[in-house]
file data.cif (mmCIF, C-alpha atoms)
data_coords
loop_
_atom_site.label_atom_id
_atom_site.label_comp_id
_atom_site.auth_asym_id
_atom_site.auth_seq_id
_atom_site.Cartn_x
_atom_site.Cartn_y
_atom_site.Cartn_z
CA MET A 1 115.38 79.44 75.93
CA PRO A 2 114.21 79.95 79.49
CA GLU A 3 111.21 78.06 80.74
CA ILE A 4 108.03 80.04 80.73
CA GLY A 5 106.29 79.90 84.06
CA LEU A 6 102.80 78.82 83.33
CA GLY A 7 102.00 77.39 86.78
CA GLY A 8 98.78 75.62 87.44
CA ARG A 9 97.10 72.38 86.67
CA ILE A 10 98.03 71.89 83.06
CA SER A 11 101.65 72.90 82.95
CA ARG A 12 102.80 70.47 85.60
CA ARG A 13 101.93 67.51 83.45
CA THR A 14 102.44 69.06 80.12
CA ALA A 15 105.35 69.02 77.78
CA LEU A 16 105.59 72.74 77.76
CA ARG A 17 106.46 74.21 74.45
CA ILE A 18 106.56 77.66 73.12
CA ALA A 19 104.67 77.72 69.88
CA ALA A 20 104.97 80.50 67.42
CA VAL A 21 101.97 79.71 65.29
CA GLY A 22 101.75 80.98 61.78
CA ILE A 23 98.32 80.73 60.26
CA MET A 24 98.87 78.90 57.02
CA GLY A 25 95.45 77.69 56.07
CA SER A 26 91.82 77.49 56.92
CA THR A 27 91.92 74.34 59.00
CA ALA A 28 93.76 73.52 62.16
CA ALA A 29 95.36 70.57 60.45
CA ALA A 30 97.16 72.89 58.13
CA VAL A 31 98.72 74.95 60.86
CA THR A 32 102.45 74.66 60.96
CA ALA A 33 104.02 75.35 64.27
CA GLN A 34 107.67 75.85 64.95
CA GLN A 35 108.00 74.24 68.32
CA LEU A 36 110.77 74.51 70.81
CA THR A 37 111.19 72.27 73.78
CA THR A 38 111.78 73.80 77.16
CA HIS A 39 115.45 73.16 76.68
CA GLY A 40 115.64 75.05 73.47
CA SER A 41 116.12 72.19 71.09
CA ARG A 42 113.87 71.95 68.10
CA ALA A 43 111.24 69.29 68.31
CA ALA A 44 111.53 66.36 65.97
CA GLY A 45 108.62 65.80 63.69
CA ASP A 46 107.37 64.52 60.43
CA THR A 47 108.36 67.53 58.40
CA ALA A 48 111.48 69.43 57.57
CA GLU A 49 113.83 70.51 60.28
CA THR A 50 112.36 73.98 60.25
CA GLY A 51 109.42 72.78 62.29
CA VAL A 52 106.77 70.18 62.83
CA THR A 53 103.25 70.04 61.57
CA ALA A 54 100.54 70.21 64.14
CA GLU A 55 99.12 66.73 64.12
CA HIS A 56 95.51 65.68 63.95
CA PHE A 57 94.30 62.28 62.89
CA ASP A 58 91.23 60.17 63.26
CA GLU A 59 91.21 56.77 61.61
CA VAL A 60 90.46 53.10 62.01
CA TYR A 61 93.56 50.94 62.48
CA GLN A 62 93.36 47.18 62.95
CA GLY A 63 89.69 47.60 63.67
CA ARG A 64 90.29 50.17 66.42
CA ARG A 65 89.26 53.81 66.22
CA ILE A 66 92.33 55.91 66.94
CA SER A 67 92.55 59.67 67.07
CA GLY A 68 95.03 62.20 68.29
CA SER A 69 95.97 65.82 68.37
CA ALA A 70 98.96 67.93 69.29
CA GLY A 71 100.23 71.33 68.53
CA THR A 72 97.01 73.25 68.94
CA PRO A 73 96.30 75.74 71.67
CA LEU A 74 94.34 74.27 74.53
CA ASP A 75 92.60 77.55 75.16
CA ALA A 76 89.76 77.74 72.66
CA LYS A 77 89.89 81.50 72.41
CA PHE A 78 93.19 81.14 70.61
CA SER A 79 91.88 78.59 68.14
CA VAL A 80 92.31 79.21 64.47
CA ALA A 81 88.61 78.98 63.89
CA GLN A 82 87.84 81.71 66.34
CA THR A 83 90.61 84.11 65.53
CA GLY A 84 90.07 83.71 61.81
CA ALA A 85 93.41 85.41 61.48
CA HIS A 86 95.48 85.42 58.35
CA VAL A 87 98.49 86.92 60.04
CA PRO A 88 100.92 85.14 62.31
CA VAL A 89 99.75 85.04 65.88
CA ALA A 90 102.38 84.54 68.52
CA LEU A 91 101.13 82.28 71.24
CA GLN A 92 102.69 81.01 74.40
CA VAL A 93 100.69 77.93 75.19
CA PRO A 94 101.20 74.55 76.80
CA ILE A 95 100.61 71.85 74.26
CA GLU A 96 99.57 68.49 75.61
CA PRO A 97 99.44 65.60 73.17
CA GLN A 98 96.22 63.65 73.31
CA VAL A 99 95.50 60.20 71.90
CA LEU A 100 92.29 58.21 72.12
CA ILE A 101 91.82 54.53 71.33
CA ASP A 102 88.15 53.67 70.93
CA GLY A 103 87.41 56.81 72.88
CA ARG A 104 89.67 55.97 75.83
CA ALA A 105 92.67 58.14 76.65
CA LEU A 106 96.14 56.74 76.08
CA HIS A 107 98.67 58.35 78.42
CA VAL A 108 101.27 60.00 76.18
CA MET A 109 104.24 62.14 77.08
CA THR A 110 106.60 64.25 75.02
CA ASN A 111 110.29 63.41 75.17
CA ALA A 112 113.06 65.99 75.31
CA ASP A 113 113.75 65.57 71.61
CA GLY A 114 110.12 66.13 70.66
CA THR A 115 109.28 62.46 70.10
CA TYR A 116 106.46 60.75 71.96
CA THR A 117 106.19 57.82 74.35
CA SER A 118 103.05 56.16 75.69
CA VAL A 119 102.39 54.15 78.82
CA VAL A 120 101.75 51.08 76.66
CA ASN A 121 105.11 51.39 74.85
CA HIS A 122 106.99 53.36 77.41
CA TYR A 123 110.51 52.36 76.41
CA GLN A 124 110.26 53.42 72.78
CA SER A 125 110.13 56.81 71.10
CA PHE A 126 107.77 57.62 68.24
CA ARG A 127 107.96 60.51 65.83
CA SER A 128 104.22 61.08 65.63
CA LEU A 129 101.11 60.55 67.70
CA ARG A 130 99.74 58.34 64.95
CA GLU A 131 102.74 56.02 65.36
CA VAL A 132 102.20 56.00 69.14
CA ALA A 133 98.55 55.09 68.70
CA ARG A 134 99.21 52.38 66.14
CA ALA A 135 101.97 50.84 68.27
CA ALA A 136 99.61 50.80 71.24
CA VAL A 137 96.95 49.03 69.18
CA ASP A 138 99.55 46.50 68.04
CA SER A 139 100.42 45.84 71.69
CA LEU A 140 96.87 45.84 73.01
CA GLY A 141 95.29 43.53 70.48
CA THR A 142 91.65 43.54 71.49
CA ALA A 143 92.28 44.77 75.05
CA THR A 144 90.79 48.08 76.12
CA LEU A 145 92.64 50.85 77.90
CA SER A 146 92.02 51.44 81.60
CA PRO A 147 91.34 54.95 82.91
CA VAL A 148 94.56 56.87 83.48
CA HIS A 149 95.31 57.42 87.15
CA HIS A 150 98.18 59.51 88.35
CA HIS A 151 99.70 58.42 91.63
CA GLY A 152 96.78 56.04 91.97
CA MET B 1 125.48 39.81 102.66
CA GLY B 2 123.82 38.28 99.66
CA THR B 3 125.32 37.27 96.36
CA ARG B 4 123.46 38.01 93.16
CA LYS B 5 124.24 35.44 90.50
CA ASN B 6 123.76 35.12 86.78
CA GLN B 7 120.44 33.31 86.40
CA ILE B 8 122.02 30.79 84.05
CA ARG B 9 124.05 29.49 86.98
CA LEU B 10 121.14 29.03 89.37
CA SER B 11 120.47 25.48 90.53
CA ALA B 12 117.04 23.98 90.10
CA SER B 13 116.36 24.48 93.80
CA GLU B 14 117.50 28.13 93.64
CA LYS B 15 115.14 28.77 90.75
CA ARG B 16 112.33 27.09 92.63
CA ALA B 17 113.02 29.17 95.76
CA PHE B 18 112.99 32.41 93.78
CA VAL B 19 109.77 31.57 91.95
CA ASN B 20 108.04 30.40 95.11
CA ALA B 21 109.00 33.56 97.00
CA VAL B 22 107.75 35.76 94.14
CA ILE B 23 104.42 33.94 94.03
CA ALA B 24 104.09 34.08 97.81
CA LEU B 25 104.69 37.84 97.73
CA LYS B 26 102.07 38.16 95.01
CA ARG B 27 99.59 36.17 97.07
CA ARG B 28 100.18 38.44 100.09
CA GLY B 29 99.48 41.52 97.97
CA GLY B 30 102.94 42.99 98.37
CA TYR B 31 104.04 42.34 94.81
CA ASP B 32 101.45 44.58 93.25
CA ASP B 33 102.58 47.51 95.39
CA PHE B 34 105.86 47.41 93.48
CA VAL B 35 104.04 47.42 90.15
CA ARG B 36 101.91 50.36 91.27
CA THR B 37 104.90 52.35 92.50
CA HIS B 38 106.76 51.81 89.26
CA ASN B 39 103.87 52.90 87.08
CA ASN B 40 103.21 55.97 89.18
CA PHE B 41 106.76 57.11 88.52
CA ILE B 42 106.52 56.20 84.83
CA LEU B 43 103.49 58.48 84.57
CA SER B 44 104.89 61.34 86.63
CA ASP B 45 108.57 61.43 85.61
CA GLN B 46 108.69 64.13 82.93
CA ASP B 47 111.56 65.57 80.94
CA SER B 48 110.35 69.07 81.74
CA GLY B 49 109.15 68.40 85.29
CA PRO B 50 110.17 66.64 88.48
CA ARG B 51 111.70 63.25 87.66
CA VAL B 52 113.12 60.59 89.92
CA ALA B 53 112.98 57.04 88.62
CA HIS B 54 113.33 57.53 84.88
CA ARG B 55 114.84 59.96 82.37
CA SER B 56 116.89 61.50 85.16
CA PRO B 57 120.19 61.03 87.00
CA SER B 58 118.59 59.02 89.80
CA PHE B 59 117.59 56.27 87.35
CA GLY B 60 120.57 54.33 88.78
CA PRO B 61 120.07 54.80 92.53
CA TRP B 62 116.24 54.77 92.36
CA HIS B 63 116.18 51.36 90.74
CA ARG B 64 118.94 50.12 93.06
CA GLN B 65 116.74 50.99 96.03
CA PHE B 66 113.64 49.59 94.30
CA LEU B 67 115.40 46.27 93.75
CA LEU B 68 116.71 46.24 97.32
CA GLU B 69 113.19 46.73 98.65
CA PHE B 70 111.92 43.92 96.45
CA GLU B 71 114.78 41.61 97.39
CA ARG B 72 114.14 42.27 101.08
CA ALA B 73 110.44 41.49 100.57
CA LEU B 74 111.41 38.14 99.01
CA GLN B 75 113.89 37.48 101.81
CA SER B 76 111.17 38.08 104.40
CA ILE B 77 109.54 35.01 102.86
CA ASP B 78 112.68 32.97 102.15
CA PRO B 79 115.98 34.33 103.54
CA SER B 80 117.97 32.23 101.06
CA VAL B 81 116.69 34.16 98.03
CA ASN B 82 118.79 36.74 96.21
CA LEU B 83 117.93 38.50 92.98
CA PRO B 84 119.47 36.81 89.94
CA TYR B 85 120.52 38.80 86.90
CA TRP B 86 119.94 38.15 83.20
CA ASP B 87 122.95 38.90 81.01
CA TRP B 88 121.20 39.44 77.70
CA THR B 89 124.54 40.07 75.94
CA THR B 90 125.28 36.35 76.16
CA ASP B 91 121.90 34.76 76.87
CA ARG B 92 119.91 35.96 73.88
CA SER B 93 117.60 33.19 72.78
CA PRO B 94 113.80 33.11 73.20
CA THR B 95 114.31 29.46 74.10
CA SER B 96 116.89 30.12 76.81
CA SER B 97 116.51 28.32 80.12
CA LEU B 98 115.40 31.70 81.47
CA TRP B 99 112.11 31.17 79.62
CA ALA B 100 111.71 27.50 80.57
CA PRO B 101 108.65 26.17 82.38
CA ASP B 102 110.63 25.70 85.60
CA PHE B 103 111.61 29.38 85.77
CA LEU B 104 109.91 32.36 84.12
CA GLY B 105 107.89 30.52 81.49
CA GLY B 106 107.98 31.18 77.78
CA ASN B 107 106.89 33.59 75.12
CA GLY B 108 103.27 34.64 74.77
CA ARG B 109 101.08 32.75 72.34
CA ARG B 110 100.56 34.23 68.92
CA SER B 111 96.85 35.04 69.21
CA ASP B 112 96.95 37.38 72.21
CA GLN B 113 100.54 37.38 73.54
CA GLN B 114 99.36 35.53 76.64
CA VAL B 115 102.06 33.59 78.53
CA THR B 116 100.68 30.07 78.87
CA THR B 117 103.68 28.16 80.20
CA GLY B 118 105.52 28.23 83.51
CA PRO B 119 104.55 29.47 86.96
CA PHE B 120 103.38 32.91 85.80
CA ALA B 121 100.85 31.66 83.27
CA TYR B 122 97.36 32.96 84.00
CA GLN B 123 95.77 29.53 84.14
CA THR B 124 97.97 28.51 87.08
CA GLY B 125 96.00 30.92 89.24
CA ASN B 126 99.29 32.33 90.57
CA TRP B 127 99.48 35.39 88.43
CA THR B 128 96.43 37.54 87.89
CA LEU B 129 97.40 41.10 87.08
CA THR B 130 95.66 43.72 89.20
CA VAL B 131 97.74 46.84 88.46
CA ARG B 132 97.08 47.39 84.79
CA VAL B 133 96.93 50.00 82.07
CA ASP B 134 94.49 47.91 80.05
CA SER B 135 91.94 45.18 80.47
CA ARG B 136 94.30 42.20 80.25
CA GLN B 137 94.54 40.24 83.48
CA TYR B 138 97.07 37.80 82.06
CA LEU B 139 100.80 38.31 81.56
CA CYS B 140 101.86 39.07 77.99
CA ARG B 141 105.17 38.70 76.15
CA ASN B 142 106.08 39.09 72.51
CA LEU B 143 109.79 38.24 72.42
CA GLY B 144 111.71 39.90 69.63
CA ALA B 145 108.62 41.32 67.93
CA SER B 146 109.75 44.93 68.37
CA GLY B 147 112.08 44.41 65.45
CA GLN B 148 115.10 45.28 67.53
CA SER B 149 117.71 42.84 68.79
CA LEU B 150 119.00 42.69 72.33
CA PRO B 151 122.00 44.92 73.09
CA THR B 152 125.35 43.35 72.29
CA ALA B 153 128.45 43.07 74.44
CA ALA B 154 130.17 45.59 72.14
CA GLU B 155 127.37 48.10 72.66
CA VAL B 156 127.58 47.63 76.40
CA ARG B 157 131.35 48.18 76.30
CA GLN B 158 130.80 51.34 74.28
CA VAL B 159 128.39 52.73 76.87
CA LEU B 160 130.50 51.66 79.86
CA ALA B 161 133.33 53.79 78.44
CA ILE B 162 131.27 56.98 78.56
CA THR B 163 131.90 59.71 81.12
CA PRO B 164 130.65 61.66 82.98
CA TYR B 165 127.81 59.91 84.82
CA ASP B 166 125.22 62.39 83.58
CA ALA B 167 124.96 65.87 82.13
CA PRO B 168 122.56 68.78 81.71
CA PRO B 169 119.69 68.95 80.92
CA TRP B 170 119.52 65.82 83.12
CA ASN B 171 116.73 64.17 81.16
CA SER B 172 116.14 61.94 78.12
CA GLY B 173 118.11 64.41 76.02
CA SER B 174 121.32 64.17 78.03
CA SER B 175 124.65 62.90 76.91
CA GLY B 176 126.56 60.94 79.54
CA PHE B 177 126.61 57.39 80.82
CA ARG B 178 123.24 57.33 82.60
CA ASN B 179 121.12 58.30 79.62
CA GLN B 180 122.91 55.95 77.26
CA LEU B 181 122.51 53.14 79.77
CA GLU B 182 118.84 54.00 80.20
CA GLY B 183 118.62 54.10 76.42
CA TRP B 184 117.08 57.37 75.27
CA GLN B 185 120.32 58.22 73.46
CA GLY B 186 123.14 56.17 71.97
CA PRO B 187 122.92 52.44 71.19
CA ASN B 188 120.03 52.06 73.66
CA ILE B 189 120.69 49.52 76.38
CA HIS B 190 117.97 49.32 79.06
CA ASN B 191 114.95 50.54 77.08
CA ARG B 192 115.60 48.16 74.23
CA VAL B 193 115.40 45.10 76.46
CA HIS B 194 111.98 46.17 77.74
CA ALA B 195 110.84 46.61 74.13
CA TRP B 196 112.42 43.31 73.00
CA ILE B 197 110.40 41.36 75.56
CA GLY B 198 107.26 43.30 74.66
CA GLY B 199 103.87 42.70 76.24
CA HIS B 200 103.78 44.05 79.76
CA MET B 201 107.53 44.60 79.89
CA ALA B 202 107.09 47.31 77.25
CA SER B 203 104.62 49.22 79.40
CA GLY B 204 104.58 51.32 82.53
CA VAL B 205 103.45 48.29 84.53
CA SER B 206 106.52 46.33 83.43
CA PRO B 207 107.17 44.79 86.89
CA ASN B 208 104.09 42.64 86.26
CA ASP B 209 106.58 40.45 84.42
CA PRO B 210 109.05 38.96 86.93
CA VAL B 211 111.80 39.22 84.30
CA PHE B 212 111.76 42.94 85.16
CA TRP B 213 113.82 42.18 88.26
CA LEU B 214 116.39 40.06 86.41
CA HIS B 215 116.76 42.70 83.70
CA HIS B 216 117.15 45.54 86.16
CA CYS B 217 119.54 43.50 88.28
CA PHE B 218 121.84 43.32 85.24
CA VAL B 219 121.40 47.05 84.57
CA ASP B 220 122.34 47.64 88.22
CA LYS B 221 125.42 45.45 87.75
CA LEU B 222 126.39 47.51 84.70
CA TRP B 223 126.23 50.67 86.79
CA ALA B 224 128.48 48.97 89.36
CA ASP B 225 130.84 47.91 86.54
CA TRP B 226 130.95 51.51 85.30
CA GLN B 227 131.76 52.75 88.79
CA ALA B 228 134.60 50.25 89.06
CA ALA B 229 135.95 51.28 85.66
CA HIS B 230 135.80 55.00 86.46
CA PRO B 231 136.71 55.44 90.13
CA ASP B 232 137.35 59.15 89.56
CA GLN B 233 133.79 59.72 88.31
CA GLY B 234 130.95 60.25 90.75
CA TYR B 235 127.21 60.69 90.73
CA LEU B 236 126.01 63.91 89.16
CA PRO B 237 124.56 66.40 89.88
CA ALA B 238 126.60 66.66 93.06
CA SER B 239 124.44 69.48 94.38
CA THR B 240 121.47 71.62 93.45
CA ALA B 241 123.76 74.65 93.22
CA GLY B 242 123.80 74.29 89.45
CA GLY B 243 120.08 74.92 89.23
CA THR B 244 118.71 71.40 89.11
CA PRO B 245 115.69 71.47 91.45
CA GLN B 246 113.68 69.02 89.31
CA VAL B 247 116.18 66.18 89.61
CA VAL B 248 117.75 64.34 92.52
CA SER B 249 121.21 65.56 93.51
CA LEU B 250 123.73 63.46 95.39
CA ASP B 251 122.38 64.26 98.85
CA ASP B 252 118.71 64.75 98.05
CA ARG B 253 116.20 62.29 99.46
CA MET B 254 114.43 60.22 96.85
CA ARG B 255 110.71 59.72 96.60
CA PRO B 256 108.84 57.57 97.48
CA TRP B 257 111.05 56.49 100.37
CA GLY B 258 112.06 59.91 101.66
CA ASP B 259 114.93 58.56 103.77
CA VAL B 260 117.48 57.49 101.20
CA THR B 261 119.79 59.53 98.99
CA PRO B 262 121.88 58.59 95.95
CA ARG B 263 124.97 58.85 98.15
CA ASP B 264 123.58 56.13 100.44
CA LEU B 265 123.39 53.75 97.48
CA LEU B 266 126.59 54.42 95.58
CA ASP B 267 128.46 51.37 96.89
CA HIS B 268 126.38 48.28 96.19
CA ARG B 269 128.83 46.21 98.26
CA THR B 270 127.19 47.71 101.33
CA PHE B 271 124.19 45.54 100.49
CA TYR B 272 125.18 42.66 98.19
CA GLU B 273 127.82 41.47 95.78
CA TYR B 274 127.74 40.27 92.20
CA ALA B 275 129.09 36.91 91.16
#

call {"tool": "encode", "arguments": {"input": "data.cif", "output": "C-alpha cells"}}
result
Amino acid sequence: MPEIGLGGRISRRTALRIAAVGIMGSTAAAVTAQQLTTHGSRAAGDTAETGVTAEHFDEVYQGRRISGSAGTPLDAKFSVAQTGAHVPVALQVPIEPQVLIDGRALHVMTNADGTYTSVVNHYQSFRSLREVARAAVDSLGTATLSPVHHHG
Amino acid sequence: MGTRKNQIRLSASEKRAFVNAVIALKRRGGYDDFVRTHNNFILSDQDSGPRVAHRSPSFGPWHRQFLLEFERALQSIDPSVNLPYWDWTTDRSPTSSLWAPDFLGGNGRRSDQQVTTGPFAYQTGNWTLTVRVDSRQYLCRNLGASGQSLPTAAEVRQVLAITPYDAPPWNSGSSGFRNQLEGWQGPNIHNRVHAWIGGHMASGVSPNDPVFWLHHCFVDKLWADWQAAHPDQGYLPASTAGGTPQVVSLDDRMRPWGDVTPRDLLDHRTFYEYA
C-alpha cells in the first residue's frame, strides 16, 4: 500500500492510516474501521483480525479522569453525526490518537504494528488507548502531565 | 583511549569520580541538555516519518554518538572518567551494588516511586529534574514493577545471532538485528530494561536517571559484539538508493549533530575499548 501524500501540519506527526469506514451504528463508538498502516500491515486491535474498533473512552481510573479517542476522522465534515449515512463511506484521513489525563494531553504515538506507545511509557507497546492511559496513570501516581512540547 | 568497564568492577574511587562528574555536569546545566535532546527525538521519531534515534537503523550509531558526547562532557570535568556498563544478564538484583548508596542509589519508595537513597535522591539537592513530562521534580524508579524480567543471556545470544543489521520498513516493524536489540520485535532487549527500571527510565526523559548511560553503554557493547561476530555484515541501509529518505543511510549525516554519519561511528575502537 503506497503512502498517501497528505502533506501539511497534521500528517507529519500523525500515524497516517487509510481508513475505510463502514457505518455500522448510530454512534461513533460503534464505527468499525478496517485500518491499514502506511506499510500495509493490518493494525492490531482489540477485535478480530479483520479490523479494529474505533476507540472512545472516558472514565475515572485510580481517581484520575482519563479519556481517549482514535479511529475517527479529524475533519468534522466527515463525522458520522453529520453525514448520517447508512452506507459505507470511503475516507482517506489521518487518524491521530488522542489521550487526556485530567484534561491534559498525553503524547501518544502509533507503532508500526498498530499498537500505541506514550511518552510516559515509551518503551512498551499497548493494544489500546485505554491501556496506554491506565499505564500512564499507574506511572504518574498523583503527578500531573506537563504541556507537550516538540523540539522544545 | 578510554576503557569502558563493567560497573561491577569499578573501584570505590572510580564510582565516586563518575558520580561526582555527573553531578558537576548537572550543576553546570549541561546534563539537562542531554535529557532534552533525547526527549525531543523520542517525540519526533515516528514509524511513518523521519526517524533518527529510535525505531530506525541509526538507533545504534545515534546512541553511540550520544554516549560519546556525554562521556566527553564528563571528561571535561574529570579526564579519568569513562562510562561504565551494566550487564543486566548477570547483574539482575534490585539490591545489586549498582543500586547502592555509594553509586546510583536504590529503588523508589513505595508511596510515590521517589528515589530517596544515594547521590541522586532529591533531598540531597544534587538532582532536581528540570526537563520533565510531568510535575515530578524528583527521580523515580519502580524496579521490576513492569511485570517483566530483565533480558537473559540466552535471549541476548539469540538476538546477537540475527542478521542482517536491519531491514525494510526500517522501523519498529522490522526484522533484523537492530529492531530486536532495540526491542520492538523478538525477545525485547533494550526496551525491556527501560521498562524494568520504571519511573523516569520508562519515559521519554529517561536520561534523567543516570542508569540510562550504563544501560546504553551495555547496549552499545552488544552492537560491537554483534559486529565482531558478523564481520561480513554492515550497517544498513547502505544508501538511499533503495528509497529510504526517512531514515539515516550509511553516509547520511545524523541530526542533531549534522557532522557525523553512521560510517564514522562503526568502529568503536576509534574512540574507546570495552573491558

call {"tool": "closest_residue", "arguments": {"input": "data.cif", "among": "A:Thr110, A:Leu145, A:Leu100, A:Arg65", "to": "A:Ser128", "atoms": "only C-alpha atoms"}}
result
A:Thr110

call {"tool": "atom_distance", "arguments": {"input": "data.cif", "atom1": "atom CA of B:Thr90", "atom2": "atom CA of B:Trp196"}}
result
15.0 Å

call {"tool": "resolve_selection", "arguments": {"input": "data.cif", "expression": "the PyMOL selection byres ((chain A) within 6 of (chain B))", "output": "ChimeraX atom specification"}}
result
/A:112,119-123,143-146,151

call {"tool": "resolve_selection", "arguments": {"input": "data.cif", "expression": "the PyMOL selection byres ((chain B and resi 177-180) around 10)", "output": "MDAnalysis selection string"}}
result
chainID B and resid 54:60 156 158:167 170:176 181:191 223 226 235:236

call {"tool": "resolve_selection", "arguments": {"input": "data.cif", "expression": "the PyMOL selection byres ((chain A and resi 66) around 10)", "output": "PDB file with C-alpha atoms, in the frame of the given file"}}
result
ATOM      1  CA  PHE A  57      94.300  62.280  62.890  1.00  0.00           C
ATOM      2  CA  ASP A  58      91.230  60.170  63.260  1.00  0.00           C
ATOM      3  CA  GLU A  59      91.210  56.770  61.610  1.00  0.00           C
ATOM      4  CA  VAL A  60      90.460  53.100  62.010  1.00  0.00           C
ATOM      5  CA  TYR A  61      93.560  50.940  62.480  1.00  0.00           C
ATOM      6  CA  GLN A  62      93.360  47.180  62.950  1.00  0.00           C
ATOM      7  CA  GLY A  63      89.690  47.600  63.670  1.00  0.00           C
ATOM      8  CA  ARG A  64      90.290  50.170  66.420  1.00  0.00           C
ATOM      9  CA  ARG A  65      89.260  53.810  66.220  1.00  0.00           C
ATOM     10  CA  SER A  67      92.550  59.670  67.070  1.00  0.00           C
ATOM     11  CA  GLY A  68      95.030  62.200  68.290  1.00  0.00           C
ATOM     12  CA  VAL A  99      95.500  60.200  71.900  1.00  0.00           C
ATOM     13  CA  LEU A 100      92.290  58.210  72.120  1.00  0.00           C
ATOM     14  CA  ILE A 101      91.820  54.530  71.330  1.00  0.00           C
ATOM     15  CA  ASP A 102      88.150  53.670  70.930  1.00  0.00           C
ATOM     16  CA  GLY A 103      87.410  56.810  72.880  1.00  0.00           C
ATOM     17  CA  ARG A 104      89.670  55.970  75.830  1.00  0.00           C
ATOM     18  CA  ALA A 105      92.670  58.140  76.650  1.00  0.00           C
ATOM     19  CA  LEU A 106      96.140  56.740  76.080  1.00  0.00           C
ATOM     20  CA  LEU A 129     101.110  60.550  67.700  1.00  0.00           C
ATOM     21  CA  ARG A 130      99.740  58.340  64.950  1.00  0.00           C
ATOM     22  CA  ALA A 133      98.550  55.090  68.700  1.00  0.00           C
ATOM     23  CA  ARG A 134      99.210  52.380  66.140  1.00  0.00           C
ATOM     24  CA  ALA A 136      99.610  50.800  71.240  1.00  0.00           C
ATOM     25  CA  VAL A 137      96.950  49.030  69.180  1.00  0.00           C
TER      26      VAL A 137
END

call {"tool": "atom_distance", "arguments": {"input": "data.cif", "atom1": "atom CA of B:Arg4", "atom2": "atom CA of B:Trp257"}}
result
23.4 Å

call {"tool": "atom_distance", "arguments": {"input": "data.cif", "atom1": "atom CA of B:Pro151", "atom2": "atom CA of B:Phe103"}}
result
22.6 Å

call {"tool": "residues_near_point", "arguments": {"input": "data.cif", "point": "(129.9, 54.2, 91.0)", "cutoff": "6 Å", "atoms": "all atoms listed in the file", "output": "number ranges by chain"}}
result
B: 224, 227, 266

call {"tool": "write_last_selection", "arguments": {"input": "data.cif", "atoms": "C-alpha atoms", "output": "PDB file, keeping the file's coordinate frame"}}
result
ATOM      1  CA  ALA B 224     128.480  48.970  89.360  1.00  0.00           C
ATOM      2  CA  GLN B 227     131.760  52.750  88.790  1.00  0.00           C
ATOM      3  CA  LEU B 266     126.590  54.420  95.580  1.00  0.00           C
TER       4      LEU B 266
END

call {"tool": "closest_residue", "arguments": {"input": "data.cif", "among": "B:Glu273, B:Ile23, B:Arg51, B:Ala12", "to": "B:Thr244", "atoms": "all atoms listed in the file"}}
result
B:Arg51

call {"tool": "residues_around", "arguments": {"input": "data.cif", "residues": "B:Gly29", "least_positions_apart": "5", "cutoff": "12 Å", "atoms": "all atoms listed in the file", "output": "number ranges by chain"}}
result
B: 22-24, 34-36, 73, 126-131

call {"tool": "residues_near_point", "arguments": {"input": "data.cif", "point": "(118.0, 59.5, 96.8)", "cutoff": "12 Å", "atoms": "all atoms listed in the file", "output": "PyMOL selection string"}}
result
chain B and resi 51-53+56-66+235-238+247-266

call {"tool": "write_last_selection", "arguments": {"input": "data.cif", "atoms": "C-alpha atoms", "output": "PDB file, keeping the file's coordinate frame"}}
result
ATOM      1  CA  ARG B  51     111.700  63.250  87.660  1.00  0.00           C
ATOM      2  CA  VAL B  52     113.120  60.590  89.920  1.00  0.00           C
ATOM      3  CA  ALA B  53     112.980  57.040  88.620  1.00  0.00           C
ATOM      4  CA  SER B  56     116.890  61.500  85.160  1.00  0.00           C
ATOM      5  CA  PRO B  57     120.190  61.030  87.000  1.00  0.00           C
ATOM      6  CA  SER B  58     118.590  59.020  89.800  1.00  0.00           C
ATOM      7  CA  PHE B  59     117.590  56.270  87.350  1.00  0.00           C
ATOM      8  CA  GLY B  60     120.570  54.330  88.780  1.00  0.00           C
ATOM      9  CA  PRO B  61     120.070  54.800  92.530  1.00  0.00           C
ATOM     10  CA  TRP B  62     116.240  54.770  92.360  1.00  0.00           C
ATOM     11  CA  HIS B  63     116.180  51.360  90.740  1.00  0.00           C
ATOM     12  CA  ARG B  64     118.940  50.120  93.060  1.00  0.00           C
ATOM     13  CA  GLN B  65     116.740  50.990  96.030  1.00  0.00           C
ATOM     14  CA  PHE B  66     113.640  49.590  94.300  1.00  0.00           C
ATOM     15  CA  TYR B 235     127.210  60.690  90.730  1.00  0.00           C
ATOM     16  CA  LEU B 236     126.010  63.910  89.160  1.00  0.00           C
ATOM     17  CA  PRO B 237     124.560  66.400  89.880  1.00  0.00           C
ATOM     18  CA  ALA B 238     126.600  66.660  93.060  1.00  0.00           C
ATOM     19  CA  VAL B 247     116.180  66.180  89.610  1.00  0.00           C
ATOM     20  CA  VAL B 248     117.750  64.340  92.520  1.00  0.00           C
ATOM     21  CA  SER B 249     121.210  65.560  93.510  1.00  0.00           C
ATOM     22  CA  LEU B 250     123.730  63.460  95.390  1.00  0.00           C
ATOM     23  CA  ASP B 251     122.380  64.260  98.850  1.00  0.00           C
ATOM     24  CA  ASP B 252     118.710  64.750  98.050  1.00  0.00           C
ATOM     25  CA  ARG B 253     116.200  62.290  99.460  1.00  0.00           C
ATOM     26  CA  MET B 254     114.430  60.220  96.850  1.00  0.00           C
ATOM     27  CA  ARG B 255     110.710  59.720  96.600  1.00  0.00           C
ATOM     28  CA  PRO B 256     108.840  57.570  97.480  1.00  0.00           C
ATOM     29  CA  TRP B 257     111.050  56.490 100.370  1.00  0.00           C
ATOM     30  CA  GLY B 258     112.060  59.910 101.660  1.00  0.00           C
ATOM     31  CA  ASP B 259     114.930  58.560 103.770  1.00  0.00           C
ATOM     32  CA  VAL B 260     117.480  57.490 101.200  1.00  0.00           C
ATOM     33  CA  THR B 261     119.790  59.530  98.990  1.00  0.00           C
ATOM     34  CA  PRO B 262     121.880  58.590  95.950  1.00  0.00           C
ATOM     35  CA  ARG B 263     124.970  58.850  98.150  1.00  0.00           C
ATOM     36  CA  ASP B 264     123.580  56.130 100.440  1.00  0.00           C
ATOM     37  CA  LEU B 265     123.390  53.750  97.480  1.00  0.00           C
ATOM     38  CA  LEU B 266     126.590  54.420  95.580  1.00  0.00           C
TER      39      LEU B 266
END
